[in-house]
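Novice: Below you'll find protein_11.cif; it's mmCIF, C-alpha atoms.
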data_query
loop_
_atom_site.label_atom_id
_atom_site.label_comp_id
_atom_site.auth_asym_id
_atom_site.auth_seq_id
_atom_site.Cartn_x
_atom_site.Cartn_y
_atom_site.Cartn_z
CA MET A 158 -24.71 42.48 -67.85
CA ILE A 159 -27.00 40.23 -69.85
CA ARG A 160 -29.82 41.59 -71.97
CA ILE A 161 -32.22 39.71 -74.19
CA THR A 162 -34.26 42.10 -76.25
CA GLU A 163 -36.78 42.30 -79.04
CA THR A 164 -35.51 45.79 -79.83
CA ALA A 165 -32.74 46.47 -82.34
CA PHE A 166 -29.51 47.63 -80.74
CA ASP A 167 -26.47 49.59 -81.89
CA PRO A 168 -23.26 47.59 -81.30
CA GLU A 169 -21.08 50.70 -81.62
CA ALA A 170 -23.05 52.50 -78.92
CA GLU A 171 -22.93 49.40 -76.70
CA LEU A 172 -19.18 49.11 -77.16
CA ALA A 173 -18.69 52.80 -76.44
CA ALA A 174 -20.66 52.45 -73.20
CA PHE A 175 -18.70 49.34 -72.27
CA ARG A 176 -15.40 51.12 -72.99
CA LYS A 177 -16.47 54.08 -70.87
CA ALA A 178 -17.43 51.80 -67.97
CA ASN A 179 -14.13 49.92 -68.20
CA ALA A 180 -11.82 52.72 -69.25
CA CYS A 181 -8.78 51.71 -67.21
CA VAL A 182 -8.96 47.94 -67.36
CA GLY A 183 -6.34 47.35 -70.04
CA ALA A 184 -7.97 45.16 -72.68
CA LEU A 185 -11.42 45.18 -74.23
CA THR A 186 -12.67 42.71 -76.83
CA SER A 187 -16.03 42.57 -78.56
CA PHE A 188 -17.85 40.45 -81.08
CA THR A 189 -20.98 41.33 -83.04
CA GLY A 190 -22.99 38.73 -84.94
CA VAL A 191 -25.30 39.98 -87.69
CA VAL A 192 -27.99 38.37 -89.81
CA ARG A 193 -26.15 37.10 -92.88
CA ASP A 194 -27.39 38.53 -96.19
CA ASP A 195 -27.23 35.65 -98.65
CA GLY A 196 -29.65 37.30 -101.06
CA ALA A 197 -32.38 34.78 -100.29
CA THR A 198 -33.13 35.20 -96.59
CA GLU A 199 -36.09 37.51 -96.09
CA ASN A 200 -35.95 37.48 -92.32
CA LEU A 201 -34.71 35.56 -89.33
CA THR A 202 -36.73 34.84 -86.20
CA LEU A 203 -35.20 33.95 -82.86
CA SER A 204 -37.16 32.74 -79.86
CA HIS A 205 -36.09 31.97 -76.32
CA TYR A 206 -37.42 30.60 -73.04
CA PRO A 207 -37.67 33.59 -70.72
CA GLY A 208 -35.94 32.99 -67.41
CA PHE A 209 -34.42 29.70 -68.52
CA THR A 210 -32.34 31.28 -71.27
CA GLU A 211 -31.04 34.05 -69.02
CA ARG A 212 -30.11 31.48 -66.37
CA HIS A 213 -28.05 29.55 -68.91
CA ILE A 214 -26.25 32.63 -70.17
CA LYS A 215 -25.48 33.68 -66.61
CA SER A 216 -23.84 30.28 -66.04
CA PHE A 217 -21.69 30.81 -69.16
CA VAL A 218 -20.53 34.16 -67.81
CA GLU A 219 -19.72 32.61 -64.43
CA ALA A 220 -17.76 29.86 -66.18
CA ALA A 221 -15.82 32.43 -68.22
CA LYS A 222 -15.01 34.45 -65.12
CA SER A 223 -13.76 31.39 -63.31
CA ARG A 224 -11.56 30.42 -66.26
CA TRP A 225 -10.13 33.79 -67.25
CA ASP A 226 -9.37 36.92 -65.33
CA VAL A 227 -12.14 38.99 -66.88
CA THR A 228 -13.43 41.96 -64.95
CA ALA A 229 -16.59 42.68 -66.94
CA VAL A 230 -18.85 40.98 -69.49
CA HIS A 231 -21.61 42.52 -71.54
CA ILE A 232 -23.96 40.32 -73.58
CA ILE A 233 -26.91 41.40 -75.69
CA HIS A 234 -28.96 38.89 -77.65
CA ARG A 235 -31.81 39.76 -79.96
CA VAL A 236 -35.01 37.76 -80.17
CA GLY A 237 -37.96 38.27 -82.47
CA ARG A 238 -37.87 38.99 -86.17
CA MET A 239 -34.76 40.47 -87.80
CA LYS A 240 -33.76 41.45 -91.32
CA PRO A 241 -30.41 40.72 -93.00
CA GLY A 242 -27.72 43.04 -91.72
CA GLU A 243 -29.27 43.53 -88.30
CA PRO A 244 -27.15 42.66 -85.25
CA ILE A 245 -28.21 39.47 -83.48
CA VAL A 246 -25.67 39.20 -80.71
CA PHE A 247 -23.05 41.35 -79.03
CA VAL A 248 -20.45 40.13 -76.56
CA ALA A 249 -17.83 42.33 -74.91
CA THR A 250 -15.25 41.34 -72.34
CA ALA A 251 -12.80 43.37 -70.28
CA SER A 252 -9.59 42.16 -68.71
CA ALA A 253 -6.22 43.42 -67.60
CA HIS A 254 -4.62 41.44 -70.42
CA ARG A 255 -5.58 40.87 -74.05
CA ARG A 256 -5.38 37.06 -74.12
CA ALA A 257 -7.96 36.66 -71.39
CA ALA A 258 -10.26 39.19 -73.04
CA PHE A 259 -9.96 37.50 -76.46
CA GLU A 260 -10.43 33.98 -75.17
CA ALA A 261 -13.31 34.76 -72.84
CA CYS A 262 -15.15 36.52 -75.66
CA ASP A 263 -14.51 33.60 -78.02
CA TYR A 264 -15.63 31.10 -75.37
CA LEU A 265 -18.81 33.01 -74.60
CA MET A 266 -19.77 33.15 -78.27
CA ASP A 267 -19.26 29.41 -78.64
CA ARG A 268 -21.41 28.75 -75.58
CA LEU A 269 -24.09 31.13 -76.86
CA LYS A 270 -24.03 29.48 -80.26
CA SER A 271 -24.31 25.89 -79.06
CA ASP A 272 -25.62 25.83 -75.49
CA ALA A 273 -27.92 28.83 -75.11
CA PRO A 274 -31.64 28.09 -75.36
CA PHE A 275 -32.43 30.02 -78.52
CA TRP A 276 -34.24 28.73 -81.58
CA LYS A 277 -33.71 30.25 -84.98
CA SER A 278 -35.79 30.00 -88.12
CA GLU A 279 -35.43 31.80 -91.41
CA MET A 280 -37.86 32.75 -94.10
CA LYS A 281 -36.76 32.07 -97.67
CA ALA A 282 -39.05 32.44 -100.68
CA GLY A 283 -41.96 32.68 -98.27
CA LYS A 284 -41.10 29.38 -96.62
CA LYS A 285 -40.08 29.00 -92.98
CA GLN A 286 -37.24 26.66 -92.14
CA TRP A 287 -35.60 25.87 -88.81
CA ILE A 288 -31.86 26.36 -88.59
CA GLU A 289 -30.07 23.36 -87.15
CA PRO A 290 -26.78 23.39 -85.28
CA ARG A 291 -23.77 22.77 -87.53
CA ALA A 292 -20.93 20.34 -86.97
CA GLN A 293 -18.57 23.32 -86.97
CA ASP A 294 -20.43 24.79 -83.99
CA ALA A 295 -19.89 21.58 -82.03
CA ALA A 296 -16.21 21.54 -83.05
CA ASP A 297 -15.83 25.15 -81.94
CA LEU A 298 -17.38 24.36 -78.57
CA ALA A 299 -15.20 21.28 -78.13
CA ARG A 300 -12.10 23.48 -78.16
CA TRP A 301 -12.92 24.53 -74.61
CA SER A 302 -13.37 21.11 -73.03
CA MET B 281 -52.73 21.50 -63.94
CA ALA B 282 -49.41 21.11 -65.74
CA VAL B 283 -48.13 23.83 -68.04
CA ILE B 284 -46.33 22.52 -71.09
CA LEU B 285 -44.30 24.89 -73.23
CA PHE B 286 -43.05 24.18 -76.73
CA PHE B 287 -39.92 25.69 -78.28
CA GLY B 288 -38.21 25.45 -81.64
CA ARG B 289 -39.76 22.90 -83.97
CA PHE B 290 -42.26 21.98 -81.27
CA SER B 291 -43.69 25.50 -81.49
CA ASP B 292 -44.94 24.70 -84.99
CA LEU B 293 -47.44 22.40 -83.27
CA ARG B 294 -48.35 24.40 -80.15
CA ASP B 295 -46.96 27.24 -78.07
CA ARG B 296 -48.44 26.23 -74.75
CA LEU B 297 -50.71 23.64 -73.23
CA GLU B 298 -52.33 23.66 -69.81
CA ILE B 299 -53.60 20.23 -68.98
CA ASP B 300 -54.52 17.86 -66.16
CA LEU B 301 -52.16 14.96 -66.65
CA PRO B 302 -53.64 11.44 -66.52
CA GLU B 303 -52.57 9.25 -63.59
CA ASN B 304 -50.34 7.12 -65.78
CA VAL B 305 -48.25 10.12 -66.83
CA THR B 306 -45.63 10.35 -64.14
CA ASP B 307 -42.30 11.00 -65.84
CA LYS B 308 -40.73 12.44 -68.96
CA ALA B 309 -41.02 9.24 -70.97
CA SER B 310 -44.73 8.71 -70.23
CA LEU B 311 -45.45 12.39 -70.83
CA THR B 312 -43.74 12.24 -74.21
CA ALA B 313 -45.77 9.15 -75.12
CA PHE B 314 -48.97 10.87 -73.97
CA LEU B 315 -48.28 14.01 -76.01
CA SER B 316 -47.34 11.91 -79.04
CA GLU B 317 -50.84 10.44 -78.91
CA LYS B 318 -52.48 13.78 -78.34
CA ILE B 319 -50.64 16.03 -80.80
CA GLU B 320 -50.10 14.98 -84.38
CA GLY B 321 -46.44 15.21 -85.37
CA PHE B 322 -45.20 15.54 -81.80
CA GLY B 323 -43.60 12.11 -81.64
CA GLN B 324 -41.52 12.70 -84.75
CA ILE B 325 -40.07 15.92 -83.37
CA ALA B 326 -39.51 14.41 -79.92
CA ALA B 327 -37.48 11.64 -81.54
CA LEU B 328 -35.09 14.05 -83.26
CA PRO B 329 -31.51 14.27 -81.97
CA ASP B 330 -30.73 16.94 -79.38
CA THR B 331 -34.30 17.28 -78.16
CA ARG B 332 -34.27 18.56 -74.58
CA ILE B 333 -36.91 18.65 -71.89
CA SER B 334 -36.91 20.76 -68.77
CA VAL B 335 -39.08 20.44 -65.69
CA ASN B 336 -39.48 23.66 -63.72
CA MET B 337 -36.58 25.11 -65.72
CA LEU B 338 -34.20 22.28 -64.90
CA VAL B 339 -33.06 20.06 -67.75
CA SER B 340 -34.45 16.63 -66.99
CA MET B 341 -33.50 13.03 -67.49
CA ASN B 342 -35.95 10.34 -68.61
CA GLU B 343 -36.86 9.25 -65.11
CA THR B 344 -37.55 12.76 -63.85
CA ALA B 345 -41.01 12.88 -62.29
CA VAL B 346 -43.62 15.22 -63.74
CA GLY B 347 -46.90 16.26 -62.19
CA ASN B 348 -49.74 18.69 -62.37
CA SER B 349 -47.91 21.48 -60.59
CA ASP B 350 -44.98 21.46 -63.01
CA GLU B 351 -43.90 23.66 -65.91
CA ILE B 352 -42.49 21.36 -68.54
CA ALA B 353 -40.75 22.59 -71.67
CA TYR B 354 -40.05 20.66 -74.84
CA MET B 355 -37.13 22.08 -76.82
CA SER B 356 -35.81 21.05 -80.20
CA ALA B 357 -32.11 21.45 -81.06
CA LEU B 358 -30.72 24.80 -79.97
CA SER B 359 -29.45 27.31 -82.51
CA GLY B 360 -28.16 30.47 -80.93
CA GLY B 361 -26.79 33.69 -82.41
#
Show the structure stored in the file as structure tokens.
Specialist:
Amino acid sequence: MIRITETAFDPEAELAAFRKANACVGALTSFTGVVRDDGATENLTLSHYPGFTERHIKSFVEAAKSRWDVTAVHIIHRVGRMKPGEPIVFVATASAHRRAAFEACDYLMDRLKSDAPFWKSEMKAGKKQWIEPRAQDAADLARWS
Amino acid sequence: MAVILFFGRFSDLRDRLEIDLPENVTDKASLTAFLSEKIEGFGQIAALPDTRISVNMLVSMNETAVGNSDEIAYMSALSGG
């Protein structure tokens, strides 16, 4: 399941629902990304390209399923304006074995971080600035090639 | 009439443009040159690394044809969650 939403979500509730839906699978892994509170960021704004972004994320999920034996994937990505501490992204994977669940979740986050059509800007001291991809993000993604 | 969408840094200039493309605008390169003339600051953003362009939601190469029935999106570097 892939959901892009302007509405705040509760990662614990999402994980509980995912666990309930995949109760007998064997291994569940999840990751939650939140807006970092560095004391200076007033808010973060994420935008996406409706339809295009979902298509890309779906292809990441298909790639993960072809690479690892994952039985279910749940992805939620916020768009719109967020405050520090708010969840931005949630990824959960289910598999019969822990390694596949861990690695698929890790892979999906790297693809979301570097390949998903999202654009992020932050407001600091009343000034908007675009957030650029970091070299570390590219290095993380390169682990899977 | 072509629909041109702008994402990331491009959205600081415009969100959307609906326009009849001139006859000499036939591909991504000529469209980028046309928009650089039309929109102040566009050319500088288009020249940045990792700029992507899609035509009808397919990421395009330079020689990809564009026309008045297309939805074209200009995207600056991606920065996901």
Novice: Residues of chain B within 12 Å of chain A, counting all atoms listed in the file - could you list those as an mmCIF file with C-alpha atoms, in the coordinates of the input?
Specialist:
data_model
loop_
_atom_site.group_PDB
_atom_site.id
_atom_site.type_symbol
_atom_site.label_atom_id
_atom_site.label_comp_id
_atom_site.auth_asym_id
_atom_site.auth_seq_id
_atom_site.Cartn_x
_atom_site.Cartn_y
_atom_site.Cartn_z
ATOM 1 C CA LEU B 285 -44.300 24.890 -73.230
ATOM 2 C CA PHE B 286 -43.050 24.180 -76.730
ATOM 3 C CA PHE B 287 -39.920 25.690 -78.280
ATOM 4 C CA GLY B 288 -38.210 25.450 -81.640
ATOM 5 C CA ARG B 289 -39.760 22.900 -83.970
ATOM 6 C CA PHE B 290 -42.260 21.980 -81.270
ATOM 7 C CA SER B 291 -43.690 25.500 -81.490
ATOM 8 C CA ASP B 292 -44.940 24.700 -84.990
ATOM 9 C CA ASP B 295 -46.960 27.240 -78.070
ATOM 10 C CA ARG B 296 -48.440 26.230 -74.750
ATOM 11 C CA LEU B 328 -35.090 14.050 -83.260
ATOM 12 C CA PRO B 329 -31.510 14.270 -81.970
ATOM 13 C CA ASP B 330 -30.730 16.940 -79.380
ATOM 14 C CA THR B 331 -34.300 17.280 -78.160
ATOM 15 C CA ARG B 332 -34.270 18.560 -74.580
ATOM 16 C CA ILE B 333 -36.910 18.650 -71.890
ATOM 17 C CA SER B 334 -36.910 20.760 -68.770
ATOM 18 C CA VAL B 335 -39.080 20.440 -65.690
ATOM 19 C CA ASN B 336 -39.480 23.660 -63.720
ATOM 20 C CA MET B 337 -36.580 25.110 -65.720
ATOM 21 C CA LEU B 338 -34.200 22.280 -64.900
ATOM 22 C CA VAL B 339 -33.060 20.060 -67.750
ATOM 23 C CA GLU B 351 -43.900 23.660 -65.910
ATOM 24 C CA ILE B 352 -42.490 21.360 -68.540
ATOM 25 C CA ALA B 353 -40.750 22.590 -71.670
ATOM 26 C CA TYR B 354 -40.050 20.660 -74.840
ATOM 27 C CA MET B 355 -37.130 22.080 -76.820
ATOM 28 C CA SER B 356 -35.810 21.050 -80.200
ATOM 29 C CA ALA B 357 -32.110 21.450 -81.060
ATOM 30 C CA LEU B 358 -30.720 24.800 -79.970
ATOM 31 C CA SER B 359 -29.450 27.310 -82.510
ATOM 32 C CA GLY B 360 -28.160 30.470 -80.930
ATOM 33 C CA GLY B 361 -26.790 33.690 -82.410
#
Novice: I'd like the interatomic distance between atom CA of Gly347 of chain B and atom CA of His213 of chain A, to a tenth of an Å.
Specialist: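 Answer for the atom CA of Gly347 of chain B to atom CA of His213 of chain A separation: 24.0 Å.
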Novice: Mind pulling up the distance from atom CA of Asn179 of chain A to atom CA of Thr164 of chain A?
Specialist: 24.7 Å
Novice: Determine the nearest neighbour of Ile233 of chain A from the options A:Asp297, A:Glu171, A:Glu279, A:Asp263, counting all atoms listed in the file.
Specialist: A:Glu171
Novice: What separation in Å, quoted to one decimal, exists between atom CA of Leu172 of chain A and atom CA of Phe217 of chain A?
Specialist: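 That distance, rounded to one decimal, is 20.1 Å.
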Novice: Could you list, as a ChimeraX atom specification, every residue matched by the PyMOL selection byres ((chain A and resi 248-256) around 8) in this structure?
Specialist: /A:172,175,179,182-189,226-233,246-247,257-262,265-266
Novice: The residues within 8 Å of (-38.6, 9.3, -64.3), using all atoms listed in the file and the coordinates of the file, should be reported as a PyMOL selection string; which are they?
Specialist: chain B and resi 306-309+341-346
Novice: Go ahead and save the picked residues with C-alpha atoms, as a CSV table (one decimal), in the frame of the given file.
Specialist:
chain,number,residue,atom,x,y,z
B,306,THR,CA,-45.6,10.4,-64.1
B,307,ASP,CA,-42.3,11.0,-65.8
B,308,LYS,CA,-40.7,12.4,-69.0
B,309,ALA,CA,-41.0,9.2,-71.0
B,341,MET,CA,-33.5,13.0,-67.5
B,342,ASN,CA,-36.0,10.3,-68.6
B,343,GLU,CA,-36.9,9.2,-65.1
B,344,THR,CA,-37.6,12.8,-63.8
B,345,ALA,CA,-41.0,12.9,-62.3
B,346,VAL,CA,-43.6,15.2,-63.7
Novice: Find the residue from A:Ala178, A:Tyr264, A:Asp194, A:Lys285 that sits nearest to Trp225 of chain A; use all atoms listed in the file when measuring.
Specialist: A:Tyr264
Novice: Evaluate the PyMOL selection byres ((chain B and resi 299) around 10) on the structure here and hand back the selected residues as a count of residues only.
Specialist: 11
Novice: Counting all atoms listed in the file, which of A:Ala282, A:Ala197, A:Ile159, A:Ala295 gets nearest to Lys215 of chain A?
Specialist: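 Ranked by minimum distance to Lys215 of chain A, first place goes to A:Ile159.
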Novice: Please supply segment 296-314 of chain B, rebuilt with N, CA, C and O atoms, as a PDB file, in the coordinates of the input.
Specialist:
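Written out: selection-v4.pdb:
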ATOM      1  N   ARG B 296     -48.216  26.455 -76.175  1.00  0.00           N
ATOM      2  CA  ARG B 296     -48.440  26.230 -74.750  1.00  0.00           C
ATOM      3  C   ARG B 296     -49.652  25.332 -74.566  1.00  0.00           C
ATOM      4  O   ARG B 296     -50.611  25.398 -75.358  1.00  0.00           O
ATOM      5  N   LEU B 297     -49.602  24.526 -73.546  1.00  0.00           N
ATOM      6  CA  LEU B 297     -50.710  23.640 -73.230  1.00  0.00           C
ATOM      7  C   LEU B 297     -50.864  23.593 -71.723  1.00  0.00           C
ATOM      8  O   LEU B 297     -49.888  23.387 -71.009  1.00  0.00           O
ATOM      9  N   GLU B 298     -52.067  23.817 -71.239  1.00  0.00           N
ATOM     10  CA  GLU B 298     -52.330  23.660 -69.810  1.00  0.00           C
ATOM     11  C   GLU B 298     -53.274  22.489 -69.680  1.00  0.00           C
ATOM     12  O   GLU B 298     -54.371  22.495 -70.253  1.00  0.00           O
ATOM     13  N   ILE B 299     -52.861  21.477 -68.941  1.00  0.00           N
ATOM     14  CA  ILE B 299     -53.600  20.230 -68.980  1.00  0.00           C
ATOM     15  C   ILE B 299     -53.483  19.468 -67.658  1.00  0.00           C
ATOM     16  O   ILE B 299     -52.443  19.521 -66.992  1.00  0.00           O
ATOM     17  N   ASP B 300     -54.568  18.790 -67.287  1.00  0.00           N
ATOM     18  CA  ASP B 300     -54.520  17.860 -66.160  1.00  0.00           C
ATOM     19  C   ASP B 300     -53.936  16.554 -66.680  1.00  0.00           C
ATOM     20  O   ASP B 300     -54.529  15.919 -67.561  1.00  0.00           O
ATOM     21  N   LEU B 301     -52.814  16.166 -66.152  1.00  0.00           N
ATOM     22  CA  LEU B 301     -52.160  14.960 -66.650  1.00  0.00           C
ATOM     23  C   LEU B 301     -52.880  13.714 -66.132  1.00  0.00           C
ATOM     24  O   LEU B 301     -53.274  13.667 -64.961  1.00  0.00           O
ATOM     25  N   PRO B 302     -53.043  12.702 -66.984  1.00  0.00           N
ATOM     26  CA  PRO B 302     -53.640  11.440 -66.520  1.00  0.00           C
ATOM     27  C   PRO B 302     -52.738  10.789 -65.472  1.00  0.00           C
ATOM     28  O   PRO B 302     -51.539  11.088 -65.392  1.00  0.00           O
ATOM     29  N   GLU B 303     -53.319   9.886 -64.689  1.00  0.00           N
ATOM     30  CA  GLU B 303     -52.570   9.250 -63.590  1.00  0.00           C
ATOM     31  C   GLU B 303     -51.356   8.466 -64.071  1.00  0.00           C
ATOM     32  O   GLU B 303     -50.367   8.329 -63.344  1.00  0.00           O
ATOM     33  N   ASN B 304     -51.456   7.941 -65.286  1.00  0.00           N
ATOM     34  CA  ASN B 304     -50.340   7.120 -65.780  1.00  0.00           C
ATOM     35  C   ASN B 304     -49.187   7.948 -66.349  1.00  0.00           C
ATOM     36  O   ASN B 304     -48.162   7.406 -66.739  1.00  0.00           O
ATOM     37  N   VAL B 305     -49.352   9.257 -66.375  1.00  0.00           N
ATOM     38  CA  VAL B 305     -48.250  10.120 -66.830  1.00  0.00           C
ATOM     39  C   VAL B 305     -47.512  10.623 -65.597  1.00  0.00           C
ATOM     40  O   VAL B 305     -48.000  11.479 -64.857  1.00  0.00           O
ATOM     41  N   THR B 306     -46.355  10.057 -65.374  1.00  0.00           N
ATOM     42  CA  THR B 306     -45.630  10.350 -64.140  1.00  0.00           C
ATOM     43  C   THR B 306     -44.193  10.806 -64.363  1.00  0.00           C
ATOM     44  O   THR B 306     -43.542  11.286 -63.448  1.00  0.00           O
ATOM     45  N   ASP B 307     -43.685  10.608 -65.576  1.00  0.00           N
ATOM     46  CA  ASP B 307     -42.300  11.000 -65.840  1.00  0.00           C
ATOM     47  C   ASP B 307     -42.180  11.485 -67.291  1.00  0.00           C
ATOM     48  O   ASP B 307     -43.164  11.494 -68.048  1.00  0.00           O
ATOM     49  N   LYS B 308     -40.962  11.862 -67.625  1.00  0.00           N
ATOM     50  CA  LYS B 308     -40.730  12.440 -68.960  1.00  0.00           C
ATOM     51  C   LYS B 308     -41.122  11.464 -70.067  1.00  0.00           C
ATOM     52  O   LYS B 308     -41.757  11.853 -71.059  1.00  0.00           O
ATOM     53  N   ALA B 309     -40.755  10.221 -69.913  1.00  0.00           N
ATOM     54  CA  ALA B 309     -41.020   9.240 -70.970  1.00  0.00           C
ATOM     55  C   ALA B 309     -42.530   9.055 -71.179  1.00  0.00           C
ATOM     56  O   ALA B 309     -43.013   9.039 -72.319  1.00  0.00           O
ATOM     57  N   SER B 310     -43.273   8.920 -70.076  1.00  0.00           N
ATOM     58  CA  SER B 310     -44.730   8.710 -70.230  1.00  0.00           C
ATOM     59  C   SER B 310     -45.411   9.982 -70.712  1.00  0.00           C
ATOM     60  O   SER B 310     -46.410   9.927 -71.443  1.00  0.00           O
ATOM     61  N   LEU B 311     -44.881  11.141 -70.331  1.00  0.00           N
ATOM     62  CA  LEU B 311     -45.450  12.390 -70.830  1.00  0.00           C
ATOM     63  C   LEU B 311     -45.230  12.515 -72.348  1.00  0.00           C
ATOM     64  O   LEU B 311     -46.133  12.912 -73.091  1.00  0.00           O
ATOM     65  N   THR B 312     -44.035  12.167 -72.775  1.00  0.00           N
ATOM     66  CA  THR B 312     -43.740  12.240 -74.210  1.00  0.00           C
ATOM     67  C   THR B 312     -44.651  11.291 -74.995  1.00  0.00           C
ATOM     68  O   THR B 312     -45.179  11.648 -76.055  1.00  0.00           O
ATOM     69  N   ALA B 313     -44.866  10.098 -74.457  1.00  0.00           N
ATOM     70  CA  ALA B 313     -45.770   9.150 -75.120  1.00  0.00           C
ATOM     71  C   ALA B 313     -47.192   9.686 -75.154  1.00  0.00           C
ATOM     72  O   ALA B 313     -47.888   9.602 -76.177  1.00  0.00           O
ATOM     73  N   PHE B 314     -47.616  10.287 -74.056  1.00  0.00           N
ATOM     74  CA  PHE B 314     -48.970  10.870 -73.970  1.00  0.00           C
ATOM     75  C   PHE B 314     -49.146  12.000 -75.001  1.00  0.00           C
ATOM     76  O   PHE B 314     -50.141  12.050 -75.733  1.00  0.00           O
TER      77      PHE B 314
END
